[in-house]
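Coordinates from structure_4.cif are shown below (mmCIF, C-alpha atoms).
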```cif
data_my_file
loop_
_atom_site.label_atom_id
_atom_site.label_comp_id
_atom_site.auth_asym_id
_atom_site.auth_seq_id
_atom_site.Cartn_x
_atom_site.Cartn_y
_atom_site.Cartn_z
CA MET U 6 0.00 0.00 0.00
CA GLU U 7 2.85 2.31 0.84
CA LYS U 8 4.47 1.66 -2.55
CA LEU U 9 1.21 2.55 -4.29
CA PHE U 10 1.02 5.83 -2.36
CA VAL U 11 4.64 6.71 -3.23
CA ARG U 12 4.03 5.82 -6.89
CA ILE U 13 0.90 8.05 -7.01
CA LEU U 14 2.85 10.85 -5.30
CA ASN U 15 5.73 10.52 -7.78
CA VAL U 16 3.39 10.54 -10.78
CA THR U 17 1.57 13.59 -9.41
CA LEU U 18 4.81 15.47 -8.75
CA LEU U 19 6.16 14.57 -12.16
CA SER U 20 2.92 15.71 -13.83
CA CYS U 21 2.97 19.01 -11.94
CA ALA U 22 6.62 19.55 -12.86
CA LEU U 23 5.86 18.85 -16.53
CA VAL U 24 2.88 21.25 -16.55
CA SER U 25 4.99 23.93 -14.80
CA LEU U 26 7.76 23.45 -17.35
CA LEU U 27 5.27 23.85 -20.22
CA VAL U 28 3.78 27.02 -18.66
CA VAL U 29 7.20 28.59 -18.12
CA THR U 30 8.31 27.66 -21.64
CA GLY U 31 5.15 29.22 -23.07
CA ALA U 32 5.67 32.39 -21.01
CA VAL U 33 9.26 32.68 -22.22
CA ILE U 34 8.13 32.26 -25.84
CA PHE U 35 5.51 35.02 -25.44
CA LEU U 36 8.09 37.31 -23.80
CA VAL U 37 10.58 36.74 -26.61
CA ILE U 38 7.91 37.48 -29.21
CA GLY U 39 6.70 40.55 -27.31
CA LEU U 40 10.15 41.98 -26.61
CA ARG U 41 11.55 41.34 -30.07
CA PRO U 42 10.63 44.84 -31.36
CA ALA U 43 12.44 46.39 -28.39
CA PHE U 44 15.71 44.71 -29.33
CA PHE U 45 15.33 44.82 -33.13
CA PHE U 46 13.65 48.19 -33.66
CA ASP U 47 13.30 49.98 -36.99
CA ALA U 48 15.15 53.30 -36.77
CA SER U 49 14.42 54.49 -40.30
CA SER U 50 12.42 57.65 -41.00
CA HIS U 51 8.68 57.28 -41.48
CA PRO U 52 6.03 59.96 -42.01
CA ILE U 53 4.34 61.07 -38.82
CA LYS U 54 0.63 60.29 -38.62
CA ILE U 55 -1.41 62.13 -36.00
CA THR U 56 -4.90 60.79 -35.49
CA TYR U 57 -7.47 63.25 -34.18
CA GLN U 58 -9.27 62.33 -30.98
CA PRO U 59 -12.22 64.25 -29.50
CA ALA U 60 -11.37 66.63 -26.66
CA SER U 61 -12.84 64.44 -23.92
CA ILE U 62 -10.27 61.65 -24.33
CA VAL U 63 -7.15 63.56 -25.33
CA SER U 64 -4.38 63.12 -22.81
CA ALA U 65 -1.39 65.33 -22.21
CA GLU U 66 1.61 63.66 -23.75
CA GLY U 67 5.10 64.71 -24.78
CA GLU U 68 5.52 67.37 -27.41
CA GLY U 69 7.57 65.48 -29.95
CA SER U 70 11.09 64.81 -31.05
CA SER U 71 13.69 67.50 -30.84
CA GLY U 72 16.46 65.46 -32.42
CA ALA U 73 15.83 66.53 -36.03
CA THR U 74 18.10 69.04 -37.68
CA ALA U 75 17.26 71.91 -39.97
CA GLN U 76 17.85 71.51 -43.65
CA GLY U 77 19.49 74.41 -45.45
CA THR U 78 17.54 74.00 -48.69
CA ALA U 79 14.84 76.27 -50.05
CA PRO U 80 11.27 75.11 -49.40
CA THR U 81 9.58 73.16 -52.17
CA SER U 82 6.19 74.13 -53.55
CA GLU U 83 4.61 71.16 -51.72
CA LEU U 84 6.17 72.30 -48.44
CA SER U 85 5.01 75.88 -49.01
CA ALA U 86 1.48 74.68 -49.83
CA ALA U 87 1.41 72.48 -46.72
CA ALA U 88 2.66 75.38 -44.57
CA GLN U 89 0.03 77.69 -46.08
CA ALA U 90 -2.70 75.12 -45.35
CA SER U 91 -1.46 74.83 -41.76
CA CYS U 92 -1.45 78.62 -41.34
CA ASN U 93 -4.94 78.87 -42.85
CA ALA U 94 -6.20 76.20 -40.46
CA THR U 95 -4.59 78.03 -37.52
CA ASP U 96 -6.21 81.29 -38.63
CA GLN U 97 -9.57 79.54 -38.90
CA LEU U 98 -9.10 78.08 -35.40
CA TYR U 99 -8.31 81.52 -33.95
CA LYS U 100 -11.41 82.94 -35.60
CA PHE U 101 -13.50 80.01 -34.39
CA VAL U 102 -12.44 80.44 -30.78
CA SER U 103 -12.64 84.26 -30.76
CA ASN U 104 -15.89 84.68 -32.74
CA ASN U 105 -13.97 86.22 -35.68
CA GLN U 106 -12.39 88.86 -33.45
CA TYR U 107 -8.85 87.52 -33.76
CA GLY U 108 -6.82 85.85 -36.46
CA LEU U 109 -3.22 85.55 -37.56
CA ALA U 110 -1.73 89.04 -37.84
CA ASP U 111 0.36 88.38 -40.96
CA LEU U 112 -1.20 85.43 -42.71
CA ASP U 113 1.05 86.01 -45.73
CA LYS U 114 4.25 85.83 -43.64
CA CYS U 115 3.11 82.83 -41.61
CA PRO U 116 4.22 80.03 -43.99
CA ASP U 117 7.82 81.25 -44.26
CA ALA U 118 8.14 81.78 -40.51
CA GLN U 119 6.57 78.40 -39.81
CA ILE U 120 8.79 76.61 -42.32
CA ASP U 121 11.89 78.03 -40.66
CA SER U 122 10.88 77.15 -37.12
CA VAL U 123 9.30 73.75 -37.82
CA THR U 124 12.13 72.59 -40.10
CA SER U 125 14.58 73.10 -37.24
CA ILE U 126 12.53 70.67 -35.15
CA TRP U 127 11.21 68.09 -37.64
CA GLY U 128 13.79 68.24 -40.45
CA ASP U 129 12.70 66.19 -43.47
CA ARG U 130 9.32 65.45 -41.81
CA THR U 131 8.25 69.10 -41.92
CA GLU U 132 5.81 68.70 -44.82
CA ASN U 133 4.13 65.76 -43.10
CA TYR U 134 3.91 67.80 -39.88
CA PHE U 135 2.13 70.67 -41.67
CA THR U 136 -0.24 68.34 -43.52
CA GLU U 137 -1.24 66.41 -40.41
CA ARG U 138 -1.50 69.59 -38.31
CA ALA U 139 -3.91 71.15 -40.80
CA ALA U 140 -5.95 67.93 -40.92
CA TYR U 141 -6.03 67.80 -37.11
CA ILE U 142 -7.28 71.39 -36.79
CA LYS U 143 -9.93 70.81 -39.46
CA ALA U 144 -11.10 67.71 -37.61
CA LEU U 145 -11.16 69.69 -34.37
CA LEU U 146 -13.31 72.38 -35.97
CA ALA U 147 -15.72 69.71 -37.22
CA ASP U 148 -15.93 67.96 -33.83
CA ASP U 149 -19.33 68.08 -32.15
CA GLN U 150 -17.78 68.57 -28.71
CA ALA U 151 -15.82 71.62 -29.84
CA ARG U 152 -18.91 73.09 -31.47
CA ALA U 153 -20.90 72.44 -28.30
CA MET U 154 -18.33 74.31 -26.22
CA PHE U 155 -18.86 77.37 -28.42
CA ASP U 156 -22.64 76.93 -28.96
CA MET U 157 -22.29 76.22 -32.68
CA PRO U 158 -24.95 74.21 -34.50
CA LYS U 159 -23.82 70.91 -35.97
CA ASP U 160 -24.36 71.98 -39.60
CA ALA U 161 -22.88 75.50 -39.22
CA ASN U 162 -19.92 76.62 -41.30
CA VAL U 163 -17.14 77.96 -39.08
CA SER U 164 -16.27 80.81 -41.46
CA THR U 165 -19.88 82.10 -41.53
CA MET U 166 -20.34 82.24 -37.76
CA SER U 167 -19.20 85.87 -37.35
CA ASP U 168 -22.64 87.19 -36.42
CA ARG U 169 -23.24 84.53 -33.75
CA ARG U 170 -21.89 85.11 -30.27
CA MET U 171 -20.10 82.06 -28.85
CA HIS U 172 -19.66 81.38 -25.15
CA ILE U 173 -17.61 78.73 -23.44
CA ARG U 174 -19.86 76.61 -21.28
CA PRO U 175 -18.63 75.92 -17.76
CA SER U 176 -17.69 72.31 -17.12
#
```

So that I can check it, write out the structure of this file as structure tokens.
Amino acid sequence: MEKLFVRILNVTLLSCALVSLLVVTGAVIFLVIGLRPAFFFDASSHPIKITYQPASIVSAEGEGSSGATAQGTAPTSELSAAAQASCNATDQLYKFVSNNQYGLADLDKCPDAQIDSVTSIWGDRTENYFTERAAYIKALLADDQARAMFDMPKDANVSTMSDRRMHIRPS
């Protein structure tokens, strides 16, 4: 009887050890798969994609990379057009928030000034920055939550809202 008990105990311990070994091996495999990108990361340049999120779920995060260097070349027509679109979107945002009382002071000088300052930060990603920034501001202006903060109807055009007084609602 004692031999039977020892045999059952040995089989149970061996089974538990085998199951534990399989669990640990599986965990190590998942860790290796999960940590692989950390050890073999892709350091090449990719365009920056900023996805708009409504104001209620946006969190405060870092401001971006400061490791890029300025390029000493003249801006291309695509870069100038992207900078102009970004400046126009910024002007539209200022007008939206201030009920058309404020806007960019020198809208014509904005693209050149922005190209100089943004190129020193983003380098060869400057055009992508301007494009995504303009798209983000346009999405913000179309957001129902932003319109609700300034008492704007859902179907209203931001540029035609000069005669309507907008108030910020208290939270």

Nearest to U:Ala144: which of U:Thr56, U:Asn104, U:Ser85, U:Gln119 is it, counting all atoms listed in the file?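 Looking only at the distances to U:Ala144, the closest residue turns out to be U:Thr56.
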
What separation in Å, quoted to one decimal, exists between atom CA of U:Lys54 and atom CA of U:Leu84?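 These two atoms are separated by 16.5 Å.
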
Nearest residue to U:Lys100 out of U:Ala22, U:Ala118, U:Leu14, U:Leu146, using only C-alpha atoms?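 The shortest atom-to-atom distance to U:Lys100 comes from U:Leu146.
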
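Interatomic distance, atom CA of U:His51 to atom CA of U:Glu137: 13.5 Å.
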
Starting from the PyMOL selection byres ((chain U and resi 86-98) around 8), expand the selection into actual residues of this file and give them as number ranges by chain. U: 82-85, 99-102, 108-109, 112, 115-117, 119-120, 132, 135-136, 138-139, 142-143, 146, 163-164

Enter the distance from atom CA of U:Ile38 to atom CA of U:Ser50, in Å, rounded to one decimal.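 According to the coordinates, atom CA of U:Ile38 and atom CA of U:Ser50 are separated by 23.8 Å.
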
Could you tell me which of U:Val37, U:Pro52, U:Phe44, U:Leu9 comes closest to U:Asn133 if we count all atoms listed in the file?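 Closest residue, counting all atoms listed in the file: U:Pro52.
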
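When only C-alpha atoms are used to measure the gap to U:Thr131, the shortest distance among U:Leu36, U:Leu18, U:Leu27, U:Ile53 belongs to U:Ile53.
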
Around stretch 15-29 of chain U, fit a box with edges along x, y and z, padding it by 3 Å on each side, then list its centre and edge lengths in Å to one decimal as lines of an AutoDock Vina configuration file.
```
center_x = 4.7
center_y = 19.6
center_z = -14.0
size_x = 12.2
size_y = 24.1
size_z = 18.4
```
